[in-house]
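Okay, structure08.csv is below, CSV, C-alpha atoms and all ligand atoms:
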chain,number,residue,atom,x,y,z
V,1,MET,CA,-57.0,113.2,-65.4
V,2,GLU,CA,-59.6,111.3,-67.5
V,3,GLN,CA,-60.0,113.3,-70.7
V,4,PRO,CA,-63.5,112.6,-71.9
V,5,SER,CA,-63.9,113.0,-75.6
V,6,SER,CA,-67.1,114.7,-76.8
V,7,ARG,CA,-68.5,111.2,-77.6
V,8,ASP,CA,-67.8,109.7,-74.2
V,9,VAL,CA,-70.5,108.9,-71.7
V,10,VAL,CA,-69.6,110.6,-68.4
V,11,VAL,CA,-70.8,109.3,-65.0
V,12,VAL,CA,-71.2,112.4,-62.9
V,13,ASN,CA,-70.7,111.2,-59.3
V,14,LEU,CA,-72.3,113.5,-56.8
V,15,ILE,CA,-70.5,112.8,-53.6
V,16,SER,CA,-72.0,114.0,-50.2
V,17,PRO,CA,-73.1,112.8,-46.8
V,18,SER,CA,-76.7,111.8,-46.7
V,19,TYR,CA,-79.3,114.6,-46.1
V,20,SER,CA,-77.1,117.2,-47.9
V,21,GLY,CA,-79.6,118.1,-50.6
V,22,SER,CA,-78.1,115.7,-53.2
V,23,THR,CA,-81.4,114.6,-54.7
V,24,TRP,CA,-82.2,118.2,-55.4
V,25,ALA,CA,-78.7,118.8,-56.9
V,26,ASN,CA,-79.0,115.6,-58.9
V,27,ILE,CA,-82.3,116.6,-60.5
V,28,LEU,CA,-80.9,120.1,-61.2
V,29,LEU,CA,-77.8,118.8,-63.0
V,30,GLY,CA,-79.9,116.1,-64.7
V,31,SER,CA,-82.1,118.9,-66.2
V,32,HIS,CA,-79.2,119.8,-68.6
V,33,PRO,CA,-80.4,118.7,-72.1
V,34,GLN,CA,-77.4,116.3,-72.3
V,35,ALA,CA,-77.9,114.9,-68.9
V,36,MET,CA,-80.0,112.4,-67.0
V,37,ALA,CA,-80.7,112.3,-63.3
V,38,LEU,CA,-80.5,108.7,-62.0
V,39,CYS,CA,-80.2,109.9,-58.4
V,40,GLU,CA,-79.5,106.6,-56.5
V,41,VAL,CA,-78.7,103.4,-58.3
V,42,THR,CA,-78.4,101.2,-55.1
V,43,THR,CA,-82.1,100.1,-55.4
V,44,MET,CA,-81.5,98.9,-58.9
V,45,VAL,CA,-78.5,96.8,-57.8
V,46,LYS,CA,-80.5,95.4,-54.8
V,47,LEU,CA,-83.6,94.5,-56.9
V,48,GLY,CA,-81.5,93.3,-59.9
V,49,ARG,CA,-83.5,95.6,-62.2
V,50,PRO,CA,-84.3,99.3,-62.5
V,51,ILE,CA,-87.7,100.6,-61.5
V,52,CYS,CA,-88.4,104.2,-62.3
V,53,PHE,CA,-89.4,106.1,-59.1
V,54,ILE,CA,-92.0,108.1,-61.0
V,55,HIS,CA,-93.4,105.8,-63.6
V,56,GLY,CA,-92.8,102.4,-62.0
V,57,ASP,CA,-92.8,99.4,-64.3
V,58,GLY,CA,-94.7,101.3,-67.0
V,59,CYS,CA,-91.8,103.8,-67.5
V,60,PRO,CA,-91.3,104.5,-71.2
V,61,LEU,CA,-87.5,104.7,-70.6
V,62,TRP,CA,-86.6,102.0,-68.1
V,63,SER,CA,-88.9,99.4,-69.7
V,64,ARG,CA,-86.4,99.5,-72.5
V,65,TYR,CA,-83.5,98.5,-70.3
V,66,ASP,CA,-82.3,95.0,-70.9
V,67,THR,CA,-81.1,93.3,-67.6
V,68,THR,CA,-79.7,90.3,-69.6
V,69,SER,CA,-77.4,92.5,-71.7
V,70,THR,CA,-73.6,92.2,-71.2
V,71,GLU,CA,-73.2,95.9,-72.1
V,72,ASN,CA,-72.0,98.1,-69.3
V,73,PRO,CA,-75.1,99.5,-67.5
V,74,TYR,CA,-74.1,103.1,-67.9
V,75,LEU,CA,-73.4,102.7,-71.6
V,76,GLN,CA,-76.8,101.0,-72.0
V,77,ILE,CA,-78.6,103.8,-70.0
V,78,ALA,CA,-76.8,106.4,-72.2
V,79,ARG,CA,-77.8,104.6,-75.4
V,80,ILE,CA,-81.5,104.2,-74.5
V,81,SER,CA,-81.9,107.7,-73.0
V,82,GLY,CA,-79.8,109.5,-75.6
V,83,LYS,CA,-78.0,111.3,-72.7
V,84,ARG,CA,-74.3,111.3,-72.2
V,85,LEU,CA,-74.0,112.8,-68.7
V,86,LEU,CA,-75.4,110.4,-66.1
V,87,VAL,CA,-75.8,111.9,-62.7
V,88,VAL,CA,-75.5,109.5,-59.7
V,89,ASN,CA,-75.5,110.0,-56.0
V,90,ASN,CA,-72.8,108.2,-53.9
V,91,GLY,CA,-72.9,105.2,-56.2
V,92,ILE,CA,-69.3,104.7,-57.2
V,93,ASP,CA,-69.3,101.0,-56.0
V,94,ASP,CA,-72.8,100.2,-57.2
V,95,LEU,CA,-72.6,99.7,-60.9
V,96,PRO,CA,-69.2,99.2,-62.8
V,97,GLN,CA,-67.8,102.5,-64.0
V,98,ALA,CA,-64.0,102.1,-63.7
V,99,GLY,CA,-61.9,101.1,-66.7
V,100,VAL,CA,-64.8,101.0,-69.2
V,101,PRO,CA,-63.8,102.1,-72.7
V,102,GLY,CA,-66.0,105.1,-73.7
V,103,LEU,CA,-67.0,105.8,-70.1
V,104,ALA,CA,-65.4,108.7,-68.2
V,105,ARG,CA,-65.9,109.7,-64.6
V,106,LYS,CA,-66.2,113.0,-62.8
V,107,TYR,CA,-66.8,113.9,-59.2
V,108,VAL,CA,-68.8,116.7,-57.7
V,109,PHE,CA,-68.3,117.0,-54.0
V,110,LEU,CA,-71.4,118.6,-52.6
V,111,VAL,CA,-70.8,120.2,-49.3
V,112,ARG,CA,-73.6,121.6,-47.1
V,113,ASP,CA,-73.4,123.4,-43.7
V,114,GLY,CA,-72.9,120.5,-41.2
V,115,ARG,CA,-75.4,122.1,-38.8
V,116,ALA,CA,-78.1,121.8,-41.4
V,117,THR,CA,-77.1,118.3,-42.4
V,118,ALA,CA,-77.0,117.1,-38.8
V,119,ALA,CA,-80.4,118.7,-38.1
V,120,SER,CA,-81.8,117.0,-41.2
V,121,ALA,CA,-80.4,113.7,-40.0
V,122,LEU,CA,-82.1,114.1,-36.6
V,123,ARG,CA,-85.4,114.9,-38.3
V,124,LYS,CA,-85.1,111.7,-40.4
V,125,TRP,CA,-84.0,109.6,-37.4
V,126,GLY,CA,-86.7,111.0,-35.2
V,127,SER,CA,-84.0,111.8,-32.7
V,128,LYS,CA,-82.6,114.7,-30.6
V,129,ASN,CA,-79.2,113.3,-30.1
V,130,MET,CA,-76.9,115.9,-31.7
V,131,LEU,CA,-73.8,114.3,-30.3
V,132,LYS,CA,-74.6,111.3,-32.5
V,133,ALA,CA,-75.6,113.4,-35.5
V,134,ALA,CA,-72.5,115.7,-35.3
V,135,ARG,CA,-70.2,112.7,-35.0
V,136,TRP,CA,-72.0,111.0,-38.0
V,137,TRP,CA,-71.6,114.1,-40.2
V,138,LYS,CA,-67.9,114.5,-39.3
V,139,LYS,CA,-67.2,110.8,-40.0
V,140,SER,CA,-69.1,111.0,-43.2
V,141,ILE,CA,-67.2,114.1,-44.5
V,142,ARG,CA,-63.9,112.5,-43.5
V,143,ARG,CA,-64.7,109.3,-45.4
V,144,LYS,CA,-65.6,111.3,-48.5
V,145,GLU,CA,-62.4,113.4,-48.2
V,146,ARG,CA,-60.3,110.3,-48.0
V,147,MET,CA,-62.0,108.8,-51.1
V,148,LEU,CA,-61.8,112.0,-53.1
V,149,GLY,CA,-58.2,112.6,-52.0
V,150,LYS,CA,-57.1,109.5,-54.0
V,151,LEU,CA,-58.4,111.0,-57.2
V,152,ASP,CA,-56.8,113.4,-59.7
V,153,PRO,CA,-57.9,116.8,-58.4
V,154,ALA,CA,-58.7,117.8,-62.0
V,155,ASP,CA,-61.6,115.3,-61.9
V,156,VAL,CA,-63.1,116.7,-58.7
V,157,LEU,CA,-65.1,119.9,-58.2
V,158,GLN,CA,-66.3,121.1,-54.8
V,159,VAL,CA,-69.7,122.7,-54.8
V,160,CYS,CA,-71.3,124.5,-51.9
V,161,TYR,CA,-75.0,123.5,-51.6
V,162,GLU,CA,-76.1,126.9,-50.3
V,163,ARG,CA,-74.4,128.7,-53.2
V,164,LEU,CA,-76.1,126.3,-55.6
V,165,ASN,CA,-79.4,127.4,-53.9
V,166,ASP,CA,-78.6,131.1,-53.9
V,167,ASP,CA,-77.0,131.5,-57.3
V,168,THR,CA,-78.1,128.5,-59.3
V,169,PRO,CA,-77.1,129.9,-62.8
V,170,ALA,CA,-73.6,130.9,-61.8
V,171,GLN,CA,-72.9,127.6,-60.1
V,172,CYS,CA,-74.4,125.6,-62.9
V,173,LYS,CA,-72.1,127.4,-65.4
V,174,ARG,CA,-69.2,126.5,-63.2
V,175,ILE,CA,-70.2,122.8,-63.1
V,176,CYS,CA,-70.9,122.7,-66.9
V,177,GLU,CA,-67.5,124.1,-67.5
V,178,PHE,CA,-66.0,121.4,-65.3
V,179,LEU,CA,-67.9,118.7,-67.2
V,180,GLY,CA,-67.0,120.2,-70.5
V,181,VAL,CA,-70.5,120.9,-71.8
V,182,PRO,CA,-72.0,124.3,-72.7
V,183,TYR,CA,-74.2,125.8,-70.0
V,184,GLU,CA,-77.9,125.7,-70.9
V,185,ALA,CA,-80.2,128.3,-69.1
V,186,SER,CA,-83.1,125.9,-69.3
V,187,MET,CA,-81.5,123.6,-66.7
V,188,VAL,CA,-82.3,125.9,-63.8
V,189,GLU,CA,-86.0,125.1,-64.4
V,190,TYR,CA,-85.5,121.6,-63.2
V,191,TRP,CA,-89.1,121.0,-62.3
V,192,LYS,CA,-90.1,121.2,-66.0
V,193,PRO,CA,-88.4,118.3,-67.8
V,194,GLU,CA,-89.5,114.7,-67.4
V,195,HIS,CA,-87.2,112.8,-65.0
V,196,HIS,CA,-86.7,109.1,-64.4
V,197,PRO,CA,-84.8,108.8,-61.1
V,198,LEU,CA,-84.5,105.4,-59.5
V,199,ASP,CA,-84.5,106.5,-55.9
V,200,GLY,CA,-83.6,109.4,-53.7
V,201,ASN,CA,-85.4,111.9,-51.5
V,202,ALA,CA,-88.9,110.5,-51.9
V,203,ARG,CA,-90.8,113.7,-50.8
V,204,LEU,CA,-88.9,115.9,-53.3
V,205,LEU,CA,-89.3,113.4,-56.2
V,206,LYS,CA,-93.0,112.9,-55.4
V,207,THR,CA,-93.7,116.6,-55.2
V,208,LEU,CA,-91.8,117.3,-58.5
V,209,ALA,CA,-93.9,114.6,-60.2
V,210,GLU,CA,-97.1,116.1,-58.8
V,211,LYS,CA,-96.1,119.5,-60.1
V,212,ARG,CA,-95.8,118.0,-63.6
V,213,GLY,CA,-99.3,116.4,-63.2
V,214,GLU,CA,-97.8,112.9,-62.8
V,215,THR,CA,-98.4,110.5,-59.9
V,216,VAL,CA,-95.8,108.3,-58.4
V,217,ALA,CA,-96.5,104.7,-59.5
V,218,PRO,CA,-96.9,102.3,-56.6
V,219,ASP,CA,-94.4,99.8,-58.0
V,220,LEU,CA,-91.4,101.1,-56.0
V,221,GLU,CA,-93.5,101.2,-52.9
V,222,LYS,CA,-94.3,97.5,-53.4
V,223,ALA,CA,-90.7,96.7,-54.2
V,224,LYS,CA,-89.3,98.6,-51.3
V,225,PRO,CA,-92.1,98.6,-48.7
V,226,GLU,CA,-89.9,99.0,-45.6
V,227,GLY,CA,-90.2,102.5,-44.3
V,228,PHE,CA,-91.8,103.9,-47.4
V,229,GLU,CA,-94.5,105.8,-45.6
V,230,GLY,CA,-91.9,107.0,-43.1
V,231,ARG,CA,-90.0,108.6,-45.9
V,232,MET,CA,-93.1,110.8,-46.7
V,233,ILE,CA,-92.9,112.9,-43.5
V,234,ASP,CA,-93.0,116.6,-43.9
V,235,MET,CA,-94.5,116.5,-47.4
V,236,ASP,CA,-96.0,120.0,-46.7
V,237,PHE,CA,-92.6,121.6,-46.8
V,238,TYR,CA,-92.0,120.4,-50.3
V,239,ARG,CA,-95.5,121.0,-51.5
V,240,LYS,CA,-95.3,124.6,-50.4
V,241,ALA,CA,-91.7,125.1,-51.7
V,242,ASP,CA,-90.9,127.7,-54.4
V,243,PHE,CA,-88.7,125.6,-56.7
V,244,ALA,CA,-87.4,128.7,-58.5
V,245,ASN,CA,-86.0,129.9,-55.2
V,246,PHE,CA,-85.5,126.6,-53.4
V,247,GLN,CA,-84.2,127.0,-49.8
V,248,ASP,CA,-84.3,124.6,-46.9
V,249,GLU,CA,-83.6,126.5,-43.8
V,250,ARG,CA,-85.8,124.4,-41.5
V,251,TRP,CA,-82.9,123.5,-39.3
V,252,ARG,CA,-82.5,127.1,-38.0
V,253,GLY,CA,-85.8,126.8,-36.2
V,254,GLU,CA,-85.2,123.3,-35.0
V,255,VAL,CA,-81.7,123.3,-33.5
V,256,THR,CA,-81.6,124.3,-29.8
V,257,GLY,CA,-78.8,126.3,-28.2
V,258,TRP,CA,-77.5,123.2,-26.4
V,259,GLN,CA,-77.5,121.2,-29.6
V,260,MET,CA,-75.6,124.0,-31.4
V,261,PHE,CA,-73.1,123.9,-28.5
V,262,VAL,CA,-72.7,120.1,-28.9
V,263,PHE,CA,-72.2,120.5,-32.7
V,264,ARG,CA,-69.5,123.1,-32.2
V,265,MET,CA,-67.6,120.9,-29.8
V,266,VAL,CA,-67.7,117.9,-32.0
V,267,ALA,CA,-67.6,119.2,-35.6
V,268,GLY,CA,-67.2,123.0,-35.4
V,269,ARG,CA,-63.7,123.1,-36.7
V,270,LEU,CA,-64.5,120.9,-39.7
V,271,ASN,CA,-67.5,123.1,-40.5
V,272,ARG,CA,-65.3,126.2,-40.4
V,273,LYS,CA,-62.9,124.5,-42.8
V,274,TYR,CA,-65.6,124.5,-45.4
V,275,GLY,CA,-66.5,128.2,-44.7
V,276,TYR,CA,-69.4,127.8,-42.3
V,277,PRO,CA,-69.7,129.0,-38.7
V,278,SER,CA,-68.5,126.5,-36.1
V,279,GLY,CA,-71.7,126.8,-34.1
V,280,MET,CA,-74.1,129.7,-33.4
V,281,ASP,CA,-74.0,132.3,-36.3
J,301,ZN,ZN,-89.8,106.9,-65.7
Translate this structure into structure tokens?
Ligand SMILES: [Zn+2]
Amino acid sequence: MEQPSSRDVVVVNLISPSYSGSTWANILLGSHPQAMALCEVTTMVKLGRPICFIHGDGCPLWSRYDTTSTENPYLQIARISGKRLLVVNNGIDDLPQAGVPGLARKYVFLVRDGRATAASALRKWGSKNMLKAARWWKKSIRRKERMLGKLDPADVLQVCYERLNDDTPAQCKRICEFLGVPYEASMVEYWKPEHHPLDGNARLLKTLAEKRGETVAPDLEKAKPEGFEGRMIDMDFYRKADFANFQDERWRGEVTGWQMFVFRMVAGRLNRKYGYPSGMD
């Protein structure tokens, strides 16, 4: 087990299949006063520089990041932000975080009902092929399990996405205890603090920015034009969402009986292992 001292910077790796609500969870954890929500760092690696999703090149935080520095990126981010918990989604291979003095690593395995995740994938893919979606979810979970299985169990915490939705304070307390920081009640109001995520669920990030009276800068759109508009589908769902009681149960009205049957055949057993029904409730 990596024993972080109270001075260490901690990379909090949120591990989950895509479409599992990890941007929402990242922003929530990143609302702890000692934490910062980076969300996805892949875009930063691809572009060779960070661009704030909300503020673009004019970001007061990221404009202070020095790409020519030899300092470890996470240590530099912690230094310029003043935050010691850096929350990252599925980015363990993106920026160096292993064997860095003063940098500890923790892993939060975010598990969501496979039926919801597969339905969300179908929505994003614009597809009805549940066979493909169920297989994708199963493979993705298995891959994460293999990766997490090699780690010290003391560094891994499994969190149920639905419980995090339903009882946010209790689950945040549990996560804070795991990370070795005091729970702060203000973190559940994740729509209030300023965030500087690099990428993630564009609709959620855009809506949260709008709620704070900010507009998403066009820089990221220019830097990453492919499919940007396509990522903005279903904005209405987010604009109408009650962030104090955030729930995403859209899949229940979308998945047909036949698709549910297909899901159960392919991935029902794995879903049951994580405490969810195998198919129809
Ligand atoms: Zn920013």
Within 10 Å of ligand ZN 301 (chain J), which residues show up when you count only C-alpha atoms and all ligand atoms? List them as a list of chain:residue names, please.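 Written in the requested form, the residues are V:Pro50, V:Ile51, V:Cys52, V:Phe53, V:Ile54, V:His55, V:Gly56, V:Asp57, V:Gly58, V:Cys59, V:Pro60, V:Leu61, V:Trp62, V:Ser63, V:Glu194, V:His195, V:His196, V:Pro197, V:Leu198, V:Val216, V:Ala217.
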Interatomic distance, atom CA of Asp199 of chain V to atom CA of Val88 of chain V (Å, one decimal):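 Atom-to-atom, atom CA of Asp199 of chain V and atom CA of Val88 of chain V are spaced 10.2 Å apart.
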With distances taken over all atoms listed in the file, which of V:Lys206, V:Arg115, V:Arg250, V:Arg84 is nearest to Trp137 of chain V?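 With all atoms listed in the file as the atom set, the closest residue is V:Arg115.
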Could you pull the residues within 12 Å of Asp167 of chain V, counting only C-alpha atoms, minus those fewer than 6 positions along the same chain, as a list of chain:residue names? V:Val159, V:Cys160, V:Tyr161, V:Lys173, V:Arg174, V:Val188, V:Ala244, V:Asn245, V:Phe246, V:Gln247
Spatial neighbours of Ile175 of chain V, max dist 9 Å, only C-alpha atoms, sep filter under 6 positions, as a PyMOL selection string: chain V and resi 29+108+157+159+181+183
